[in-house]
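target.txt, holding compact mmCIF, C-alpha atoms (C1' of nucleotides):
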```
# COMPACT_ATOMS: atom_id res chain seq x y z
CA MET A 1 40.75 28.31 11.87
CA MET A 2 39.52 28.22 15.43
CA PRO A 3 37.52 25.06 16.02
CA LEU A 4 34.11 25.33 17.56
CA ASP A 5 33.48 23.35 20.70
CA ALA A 6 30.55 21.43 22.04
CA GLU A 7 29.58 24.19 24.37
CA THR A 8 29.52 26.95 21.85
CA ALA A 9 27.26 24.83 19.70
CA LEU A 10 24.77 24.38 22.53
CA ALA A 11 23.47 27.89 22.08
CA ASP A 12 19.91 26.91 21.24
CA THR A 13 18.83 23.75 23.04
CA PRO A 14 15.39 23.29 24.61
CA PRO A 15 14.66 24.03 28.28
CA GLY A 16 15.06 21.58 31.14
CA HIS A 17 18.14 20.64 33.06
CA LYS A 18 19.93 23.10 30.89
CA ASP A 19 22.31 24.54 33.43
CA GLU A 20 23.68 21.18 34.41
CA LEU A 21 24.19 20.27 30.78
CA ARG A 22 25.91 23.54 30.06
CA LEU A 23 28.16 23.06 33.05
CA TRP A 24 29.04 19.55 31.97
CA LEU A 25 29.85 20.62 28.44
CA ARG A 26 32.08 23.39 29.69
CA LEU A 27 33.85 21.01 32.04
CA LEU A 28 34.37 18.61 29.17
CA THR A 29 35.65 21.33 26.88
CA CYS A 30 38.19 22.56 29.43
CA THR A 31 39.51 19.10 30.10
CA ASN A 32 39.70 18.16 26.45
CA LEU A 33 41.48 21.38 25.59
CA ILE A 34 44.17 20.80 28.19
CA GLU A 35 44.44 17.09 27.60
CA ALA A 36 44.80 17.48 23.84
CA GLU A 37 47.60 19.97 24.32
CA ILE A 38 49.42 17.72 26.77
CA ARG A 39 49.11 14.77 24.42
CA ARG A 40 50.40 16.89 21.59
CA ARG A 41 53.44 18.03 23.51
CA LEU A 42 54.23 14.61 24.92
CA ARG A 43 54.22 13.36 21.39
CA ALA A 44 56.18 16.25 19.91
CA GLU A 45 58.83 16.57 22.59
CA PHE A 46 59.17 13.05 23.95
CA ASP A 47 57.59 10.85 21.30
CA THR A 48 55.37 9.26 23.92
CA THR A 49 51.71 9.19 24.91
CA LEU A 50 49.64 10.17 27.91
CA PRO A 51 48.80 6.59 28.98
CA ARG A 52 52.48 5.65 28.90
CA PHE A 53 53.32 8.75 30.91
CA ASP A 54 50.62 7.95 33.44
CA LEU A 55 51.84 4.42 33.88
CA LEU A 56 55.40 5.60 34.47
CA ALA A 57 54.07 8.11 37.00
CA GLN A 58 52.46 5.31 38.96
CA LEU A 59 55.71 3.38 39.06
CA GLU A 60 57.64 6.48 40.05
CA ARG A 61 55.39 6.83 43.07
CA HIS A 62 55.94 3.21 44.03
CA PRO A 63 59.59 2.36 43.62
CA ALA A 64 59.10 -1.07 45.14
CA GLY A 65 57.01 -2.00 42.14
CA LEU A 66 53.34 -2.54 41.39
CA THR A 67 51.51 -5.49 39.97
CA LEU A 68 49.62 -5.05 36.73
CA GLY A 69 46.37 -5.33 38.65
CA GLU A 70 47.34 -2.55 41.04
CA ILE A 71 48.29 -0.38 38.12
CA SER A 72 45.01 -0.98 36.35
CA ARG A 73 43.07 -0.07 39.49
CA ARG A 74 45.09 3.08 40.08
CA MET A 75 44.82 4.19 36.48
CA MET A 76 41.14 3.24 36.42
CA VAL A 77 41.51 1.28 33.20
CA SER A 78 40.96 -2.35 32.32
CA ASN A 79 43.40 -5.17 32.91
CA GLY A 80 43.85 -5.89 29.25
CA ASN A 81 44.74 -2.29 28.66
CA VAL A 82 47.64 -2.46 31.10
CA THR A 83 48.89 -5.65 29.52
CA GLY A 84 49.50 -3.90 26.24
CA LEU A 85 50.84 -0.71 27.75
CA ALA A 86 53.32 -2.63 29.89
CA ALA A 87 54.45 -4.68 26.90
CA ARG A 88 55.26 -1.55 24.92
CA LEU A 89 57.06 0.12 27.81
CA GLU A 90 59.06 -3.01 28.48
CA GLU A 91 60.06 -3.20 24.85
CA GLU A 92 61.24 0.39 25.06
CA GLY A 93 63.35 -0.55 28.07
CA LEU A 94 61.60 1.85 30.44
CA VAL A 95 60.09 -0.74 32.77
CA GLU A 96 60.96 -4.27 33.80
CA ARG A 97 58.80 -7.17 34.92
CA ARG A 98 59.50 -9.49 37.75
CA VAL A 99 57.38 -12.52 38.51
CA SER A 100 56.40 -12.68 42.14
CA THR A 101 58.18 -15.34 44.15
CA THR A 102 55.14 -15.94 46.32
CA ASP A 103 52.42 -15.90 43.67
CA ARG A 104 53.27 -17.23 40.27
CA ARG A 105 50.24 -15.55 38.72
CA ALA A 106 51.41 -12.09 39.70
CA GLN A 107 54.23 -10.00 38.30
CA SER A 108 55.38 -6.62 39.42
CA LEU A 109 56.56 -3.76 37.25
CA ARG A 110 59.34 -1.34 38.12
CA LEU A 111 61.07 1.50 36.39
CA THR A 112 64.46 0.73 34.92
CA PRO A 113 67.16 3.32 35.59
CA ARG A 114 66.59 4.58 32.10
CA GLY A 115 62.86 4.69 32.73
CA ARG A 116 63.45 6.73 35.85
CA ARG A 117 65.66 9.23 34.01
CA GLU A 118 63.25 9.47 31.12
CA PHE A 119 60.24 9.99 33.36
CA ALA A 120 62.03 12.69 35.34
CA ARG A 121 62.51 14.70 32.16
CA GLN A 122 58.95 14.20 31.03
CA SER A 123 57.49 14.92 34.41
CA ALA A 124 59.27 18.23 34.83
CA ALA A 125 58.14 19.39 31.41
CA HIS A 126 54.61 18.21 32.06
CA GLU A 127 54.35 20.15 35.27
CA GLY A 128 55.53 23.27 33.49
CA TRP A 129 52.98 22.88 30.72
CA VAL A 130 50.12 22.57 33.13
CA ALA A 131 51.28 25.60 35.08
CA GLU A 132 51.58 27.55 31.85
CA LEU A 133 48.10 26.64 30.67
CA LEU A 134 46.56 27.56 34.03
CA ALA A 135 48.63 30.70 34.46
CA GLY A 136 45.68 32.91 33.61
CA LEU A 137 43.95 32.05 36.87
CA SER A 138 44.73 33.81 40.11
CA ASP A 139 45.67 31.88 43.23
CA SER A 140 42.26 32.44 44.71
CA GLU A 141 40.52 31.36 41.53
CA ARG A 142 42.56 28.17 41.46
CA GLU A 143 41.72 27.52 45.06
CA ALA A 144 38.01 28.11 44.53
CA LEU A 145 37.99 25.91 41.46
CA HIS A 146 39.80 23.15 43.30
CA ARG A 147 37.23 23.26 46.06
CA LEU A 148 34.25 23.25 43.70
CA LEU A 149 35.69 20.35 41.75
CA GLY A 150 36.01 18.50 45.02
CA ARG A 151 32.32 19.12 45.63
CA THR A 152 31.58 17.99 42.08
CA LYS A 153 33.49 14.77 42.58
CA ALA A 154 31.48 14.08 45.72
CA SER A 155 28.23 14.79 43.90
CA VAL A 156 29.09 12.45 41.07
CA ARG A 157 30.14 9.66 43.38
CA ALA A 158 26.88 10.05 45.24
CA GLY A 159 25.03 9.89 41.94
CA LEU A 160 26.86 6.69 41.04
CA GLN A 161 25.90 5.03 44.30
CA GLU A 162 22.22 5.62 43.70
CA GLY A 163 21.84 3.82 40.42
CA GLY A 164 24.42 1.09 40.96
CA THR A 165 25.26 -1.55 43.56
CA MET B 1 70.81 0.83 45.53
CA MET B 2 68.52 2.93 47.64
CA PRO B 3 65.81 4.17 45.29
CA LEU B 4 64.31 7.59 45.53
CA ASP B 5 60.96 7.58 47.20
CA ALA B 6 57.94 9.53 46.12
CA GLU B 7 58.43 12.27 48.72
CA THR B 8 61.96 12.97 47.69
CA ALA B 9 60.98 13.10 44.08
CA LEU B 10 58.19 15.52 44.85
CA ALA B 11 60.43 17.74 46.92
CA ASP B 12 62.80 18.01 43.97
CA THR B 13 60.33 19.45 41.55
CA PRO B 14 60.45 23.17 40.86
CA PRO B 15 58.50 25.26 43.33
CA GLY B 16 55.09 26.81 42.87
CA HIS B 17 53.67 24.56 40.18
CA LYS B 18 52.25 22.02 42.59
CA ASP B 19 48.87 23.65 42.94
CA GLU B 20 48.32 23.84 39.22
CA LEU B 21 49.13 20.17 38.87
CA ARG B 22 46.80 19.25 41.67
CA LEU B 23 44.04 21.31 40.11
CA TRP B 24 44.57 19.72 36.73
CA LEU B 25 44.46 16.21 38.17
CA ARG B 26 41.23 16.94 39.98
CA LEU B 27 39.69 18.44 36.86
CA LEU B 28 40.70 15.35 34.95
CA THR B 29 39.30 13.02 37.58
CA CYS B 30 35.93 14.79 37.65
CA THR B 31 35.58 14.73 33.90
CA ASN B 32 36.64 11.10 33.59
CA LEU B 33 34.26 10.05 36.31
CA ILE B 34 31.28 11.66 34.59
CA GLU B 35 32.33 10.68 31.10
CA ALA B 36 32.85 7.04 32.03
CA GLU B 37 29.39 6.86 33.55
CA ILE B 38 27.78 8.45 30.53
CA ARG B 39 29.58 6.07 28.21
CA ARG B 40 28.48 3.16 30.36
CA ARG B 41 24.85 4.18 30.29
CA LEU B 42 24.80 4.98 26.58
CA ARG B 43 26.12 1.52 26.01
CA ALA B 44 23.82 -0.22 28.48
CA GLU B 45 20.61 1.57 27.60
CA PHE B 46 21.00 2.45 23.94
CA ASP B 47 23.83 0.23 22.72
CA THR B 48 25.66 3.25 21.36
CA THR B 49 28.75 5.28 22.11
CA LEU B 50 29.59 8.83 23.09
CA PRO B 51 31.15 9.80 19.74
CA ARG B 52 28.09 8.54 17.87
CA PHE B 53 25.86 10.45 20.26
CA ASP B 54 27.91 13.60 19.83
CA LEU B 55 27.74 13.39 16.08
CA LEU B 56 23.96 12.95 16.14
CA ALA B 57 23.74 15.93 18.48
CA GLN B 58 25.54 18.09 15.94
CA LEU B 59 23.13 17.06 13.21
CA GLU B 60 20.13 17.61 15.44
CA ARG B 61 21.22 21.20 15.93
CA HIS B 62 21.61 21.70 12.20
CA PRO B 63 18.64 20.14 10.42
CA ALA B 64 19.78 21.50 7.07
CA GLY B 65 22.81 19.23 7.26
CA LEU B 66 26.51 19.59 7.89
CA THR B 67 29.48 18.60 5.82
CA LEU B 68 31.93 16.10 7.26
CA GLY B 69 34.45 18.88 7.62
CA GLU B 70 32.08 21.06 9.60
CA ILE B 71 31.32 18.13 11.85
CA SER B 72 34.98 17.39 12.46
CA ARG B 73 35.62 21.01 13.39
CA ARG B 74 32.65 21.17 15.72
CA MET B 75 33.54 17.90 17.40
CA MET B 76 37.21 18.85 17.54
CA VAL B 77 38.31 15.56 16.04
CA SER B 78 40.18 14.66 12.88
CA ASN B 79 38.64 14.33 9.45
CA GLY B 80 39.43 10.67 9.19
CA ASN B 81 37.67 10.06 12.44
CA VAL B 82 34.42 11.50 11.12
CA THR B 83 34.70 9.41 7.97
CA GLY B 84 34.48 6.23 10.01
CA LEU B 85 31.87 7.48 12.43
CA ALA B 86 29.64 8.65 9.60
CA ALA B 87 30.01 5.32 7.82
CA ARG B 88 28.86 3.42 10.89
CA LEU B 89 25.92 5.73 11.53
CA GLU B 90 24.88 5.56 7.91
CA GLU B 91 24.99 1.79 8.02
CA GLU B 92 22.75 1.88 11.10
CA GLY B 93 20.32 4.02 9.14
CA LEU B 94 20.53 6.99 11.51
CA VAL B 95 22.10 9.48 9.10
CA GLU B 96 22.12 9.93 5.35
CA ARG B 97 24.67 11.47 3.00
CA ARG B 98 24.00 13.78 0.16
CA VAL B 99 26.68 14.95 -2.24
CA SER B 100 26.66 18.70 -2.67
CA THR B 101 25.30 19.89 -5.99
CA THR B 102 27.65 22.85 -6.04
CA ASP B 103 30.85 21.19 -4.86
CA ARG B 104 31.41 17.62 -5.84
CA ARG B 105 34.05 17.18 -3.16
CA ALA B 106 31.64 17.94 -0.36
CA GLN B 107 28.80 15.88 1.04
CA SER B 108 26.43 16.83 3.77
CA LEU B 109 25.05 14.60 6.49
CA ARG B 110 21.53 14.76 7.89
CA LEU B 111 19.55 12.79 10.38
CA THR B 112 17.08 10.31 8.95
CA PRO B 113 13.62 10.33 10.57
CA ARG B 114 14.70 7.27 12.49
CA GLY B 115 17.91 8.99 13.51
CA ARG B 116 15.92 11.93 14.77
CA ARG B 117 13.61 9.73 16.84
CA GLU B 118 16.50 7.71 18.21
CA PHE B 119 18.50 10.78 19.16
CA ALA B 120 15.50 12.36 20.89
CA ARG B 121 15.29 9.36 23.21
CA GLN B 122 19.02 9.32 23.90
CA SER B 123 19.23 13.03 24.39
CA ALA B 124 16.47 13.19 26.97
CA ALA B 125 18.07 10.39 28.98
CA HIS B 126 21.49 11.97 28.69
CA GLU B 127 20.29 15.29 30.02
CA GLY B 128 18.74 13.52 32.98
CA TRP B 129 21.90 11.62 33.76
CA VAL B 130 23.99 14.75 33.81
CA ALA B 131 21.50 16.53 36.03
CA GLU B 132 21.47 13.55 38.36
CA LEU B 133 25.24 13.39 38.63
CA LEU B 134 25.51 17.12 39.32
CA ALA B 135 22.54 17.20 41.66
CA GLY B 136 24.81 17.46 44.70
CA LEU B 137 25.81 21.02 43.79
CA SER B 138 23.73 24.00 44.69
CA ASP B 139 22.65 26.50 42.07
CA SER B 140 25.21 28.99 43.25
CA GLU B 141 27.95 26.39 43.23
CA ARG B 142 27.09 25.43 39.68
CA GLU B 143 27.12 29.02 38.67
CA ALA B 144 30.46 29.69 40.32
CA LEU B 145 31.95 26.58 38.77
CA HIS B 146 30.67 27.54 35.36
CA ARG B 147 32.24 30.95 35.66
CA LEU B 148 35.59 29.60 36.83
CA LEU B 149 35.66 27.05 34.05
CA GLY B 150 35.05 29.88 31.63
CA ARG B 151 38.08 31.63 33.06
CA THR B 152 40.03 28.40 32.79
CA LYS B 153 39.11 27.98 29.15
CA ALA B 154 40.31 31.49 28.46
CA SER B 155 43.55 30.84 30.30
CA VAL B 156 44.21 27.67 28.35
CA ARG B 157 43.45 29.26 25.00
CA ALA B 158 45.81 32.08 25.89
CA GLY B 159 48.45 29.51 26.78
CA LEU B 160 47.95 27.80 23.44
CA GLN B 161 48.37 31.03 21.50
CA GLU B 162 51.75 31.70 23.04
CA GLY B 163 53.52 28.61 21.81
CA GLY B 164 51.71 28.10 18.52
CA THR B 165 49.89 30.52 16.21
C1' DG C 1 44.21 -34.26 49.34
C1' DG C 2 41.13 -32.17 46.41
C1' DC C 3 37.43 -29.35 44.50
C1' DG C 4 35.20 -25.05 43.61
C1' DA C 5 35.52 -20.05 43.83
C1' DA C 6 38.30 -16.20 43.40
C1' DT C 7 42.22 -13.82 41.43
C1' DA C 8 46.23 -12.37 37.96
C1' DG C 9 46.99 -11.79 33.61
C1' DT C 10 46.45 -12.53 28.42
C1' DT C 11 44.04 -12.61 24.15
C1' DG C 12 40.75 -11.33 20.45
C1' DA C 13 37.23 -8.61 18.39
C1' DA C 14 35.53 -4.24 17.81
C1' DG C 15 35.41 0.65 18.08
C1' DC C 16 37.72 5.18 18.68
C1' DC C 17 41.43 8.31 17.47
C1' DT C 18 45.43 10.55 15.20
C1' DA C 19 48.91 11.85 11.76
C1' DA C 20 50.33 11.51 7.27
C1' DA C 21 49.85 10.34 2.64
C1' DC C 22 46.72 10.26 -0.91
C1' DT C 23 42.70 11.40 -4.50
C1' DA C 24 39.48 14.44 -6.34
C1' DT C 25 37.82 18.82 -6.94
C1' DC C 26 37.61 23.75 -6.74
C1' DC C 27 39.38 28.43 -7.09
C1' DC C 28 42.25 32.09 -8.53
C1' DG C 29 45.67 34.74 -10.85
C1' DG C 30 48.23 35.26 -14.99
C1' DC D 1 42.37 28.52 -20.08
C1' DC D 2 45.46 26.57 -17.29
C1' DG D 3 48.55 25.55 -13.55
C1' DG D 4 49.38 25.77 -8.71
C1' DG D 5 47.57 26.11 -4.20
C1' DA D 6 43.74 25.29 -1.23
C1' DT D 7 40.01 22.32 0.28
C1' DA D 8 36.90 17.86 1.10
C1' DG D 9 37.22 13.52 2.09
C1' DT D 10 39.40 8.74 2.30
C1' DT D 11 42.83 5.53 3.50
C1' DT D 12 46.48 3.40 6.23
C1' DA D 13 49.32 2.31 10.10
C1' DG D 14 49.57 2.35 14.71
C1' DG D 15 48.16 3.14 19.39
C1' DC D 16 44.47 3.24 23.04
C1' DT D 17 40.38 1.17 25.16
C1' DT D 18 36.74 -1.96 26.49
C1' DC D 19 34.39 -6.35 27.14
C1' DA D 20 34.23 -11.09 27.19
C1' DA D 21 36.34 -15.39 26.97
C1' DC D 22 40.25 -17.76 28.24
C1' DT D 23 44.54 -19.89 31.05
C1' DA D 24 47.05 -20.41 35.12
C1' DT D 25 47.37 -20.17 39.80
C1' DT D 26 45.99 -19.60 44.54
C1' DC D 27 42.88 -19.89 48.37
C1' DG D 28 39.20 -21.71 51.32
C1' DC D 29 37.19 -25.44 52.99
C1' DC D 30 35.77 -30.05 53.69
```
Would you write the structure of this file as structure tokens?
Amino acid sequence: MMPLDAETALADTPPGHKDELRLWLRLLTCTNLIEAEIRRRLRAEFDTTLPRFDLLAQLERHPAGLTLGEISRRMMVSNGNVTGLAARLEEEGLVERRVSTTDRRAQSLRLTPRGRREFARQSAAHEGWVAELLAGLSDSEREALHRLLGRTKASVRAGLQEGGT
Amino acid sequence: MMPLDAETALADTPPGHKDELRLWLRLLTCTNLIEAEIRRRLRAEFDTTLPRFDLLAQLERHPAGLTLGEISRRMMVSNGNVTGLAARLEEEGLVERRVSTTDRRAQSLRLTPRGRREFARQSAAHEGWVAELLAGLSDSEREALHRLLGRTKASVRAGLQEGGT
DNA sequence: GGCGAATAGTTGAAGCCTAAACTATCCCGG
DNA sequence: CCGGGATAGTTTAGGCTTCAACTATTCGCC
């Protein structure tokens, strides 16, 4: 049974900023569709989760190690979130902690050799999945989409500035 | 002892799938940026959450009521998830349950008058927020993006068919 | 030196989410 | 009519996530 999605259900909403809403719902649907599939496969094939994978990816890009705070900023999640994630990954033997010698509050995380091997496997598969899911787009479509999403990101950031600060 | 650096690791990955990955990451970033802001505002201005809002939106579109199962399909979340969400919304007095007269397993959910009023307020604000965040795009950009995301959705669904069924 | 502000990280409470096991009910074919 | 398979919903265990309150440490400054 094919599930409905938010966008399909929008068929009959009242007038207004309708186009923007429709665009947002479609954006959300696309992302959720892909993300759900990636989570499913990470779970099925590697018995892991997207947040764990993302954390490992950060460490892979910074072999010298990252502090928990740096990780939380890069992943755009809260500090407390990283605490728990790191604890689970450490218990699995994929990352190791090291208290900073110059700042006893800080500790940096690094991949263990096993973590590095494990992430390499996951990462290769992940890249293939994404390519497979986006295979229906032509090169020029992908390029155009990439550009428009860049414009969207800029628009959103501008919108955030306005209200906040 | 010399660890791989990020560049080396990138160079090792199979060719051609880089663009797809980049596109996916940008799509994810855009969605997360918007979604986080909407969650923040729903919380700050209405003391509610996105899942609650989404569930109310489903009921608003179907005044005759929806069963929990229909809601879970439309929201693309699990059954158990809706059970909890519905319980919280019922406790807040925004929705009411009614056991089906023809099928004693099923119960349908409807907005209460208060739920309808409350959702109307939230919905109007929500639509404005989305329009505001996407205001930096021109009409033609929005249209092009909408079209490309439609193509993307089709590509992803095709990719899902392949593996599963 | 020492005090107050800032920073790094942890913890706890609460909500969201899933998969899997479970209960209750319905439906259908023999 | 009745037994098995499908369906509606709940429950449970576990993970993710945030916010707010907390501890420990460092830094700036007098």
task: Give me, please, the distance in Å between CA of Arg22 (chain B) and CA of Ile71 (chain A), quoted to one decimal.
output: 20.0 Å
- prompt: By least-squares superposition of chain B on chain A, using all C-alpha atoms in order, what RMSD in Å to one decimal is obtained?
  reply: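 With all C-alpha atoms paired in order, the RMSD is 5.1 Å.
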query: Got a sec: who's within 12 Å of region 13-15 of chain C, counting only C-alpha atoms (C1' of nucleotides), leaving out chain neighbours fewer than 2 positions off, as an MDAnalysis selection string?
result: (chainID B and resid 48:52 81 84:85 88) or (chainID C and resid 11 17) or (chainID D and resid 16:21)
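Coordinates place CA of Leu27 (chain B) at a distance of 10.5 Å from CA of Glu35 (chain A).
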Sort by chain and increasing residue number a table of all residues of chain C within 10 Å of chain A, each with its closest pair of atoms and their distance in Å to one decimal, counting all atoms listed in the file, and write it as JSON lines.
```
{"residue": "C:DT7", "atom": "C1'", "partner": "A:Arg105", "partner_atom": "CA", "distance": 8.6}
{"residue": "C:DA8", "atom": "C1'", "partner": "A:Arg105", "partner_atom": "CA", "distance": 5.2}
{"residue": "C:DG9", "atom": "C1'", "partner": "A:Arg105", "partner_atom": "CA", "distance": 7.1}
{"residue": "C:DT10", "atom": "C1'", "partner": "A:Gly80", "partner_atom": "CA", "distance": 7.2}
{"residue": "C:DT11", "atom": "C1'", "partner": "A:Gly80", "partner_atom": "CA", "distance": 8.4}
```
task: Can you work out the spacing between CA of Gly93 (chain A) and CA of Arg61 (chain A) in Å, to one decimal?
output: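 Between CA of Gly93 (chain A) and CA of Arg61 (chain A) the gap is 18.5 Å.
Using only C-alpha atoms, the shortest contact distance between chain B and any of A:Ser140, A:Thr112, A:Gln161, A:Thr152 is found at A:Thr152.
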- prompt: Residues of chain A within 7 Å of chain B, using all atoms listed in the file, as a PyMOL selection string?
  reply: chain A and resi 3-6+17+20-21+23+26-28+30-31+34+60-63+124+127+130-137+145-146+148-149+152-153+155-156+159
Residues of chain D within 8 Å of chain B, only C-alpha atoms (C1' of nucleotides) counted, as an mmCIF file with C-alpha atoms (C1' of nucleotides), in the frame of the given file:
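Final file, result_9.cif:
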```cif
data_model
loop_
_atom_site.group_PDB
_atom_site.id
_atom_site.type_symbol
_atom_site.label_atom_id
_atom_site.label_comp_id
_atom_site.auth_asym_id
_atom_site.auth_seq_id
_atom_site.Cartn_x
_atom_site.Cartn_y
_atom_site.Cartn_z
ATOM 1 C "C1'" DA D 8 36.900 17.860 1.100
ATOM 2 C "C1'" DG D 9 37.220 13.520 2.090
ATOM 3 C "C1'" DT D 10 39.400 8.740 2.300
#
```
message: I'd like to know which of B:Ile38, B:Thr102, B:Val95, B:Ala44 is closest to DC26 (chain C), using all atoms listed in the file.
response: B:Thr102
task: For DC27 (chain C), list every protein, DNA or RNA residue within 10 Å, evaluated using all atoms listed in the file, and leave out those in the same chain fewer than 4 positions away; present the list as a list of chain:residue names.
output: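 Once the nearby chain positions are removed, what remains is D:DG5, D:DA6, D:DT7.
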Emit as JSON the padded axis-aligned box for all listed atoms of region 67-85 of chain B, 5 Å per side, with centre and edge lengths in Å to one decimal.
```
{"center_x": 34.8, "center_y": 13.7, "center_z": 11.7, "size_x": 20.7, "size_y": 24.9, "size_z": 21.7}
```
message: If we count all atoms listed in the file and set the cut-off at 8 Å, which residues sit around Leu59 (chain B), ignoring sequence neighbours fewer than 3 positions away in its own chain? Please answer as a PyMOL selection string.
response: chain B and resi 55-56+62-63+65-66+109-111
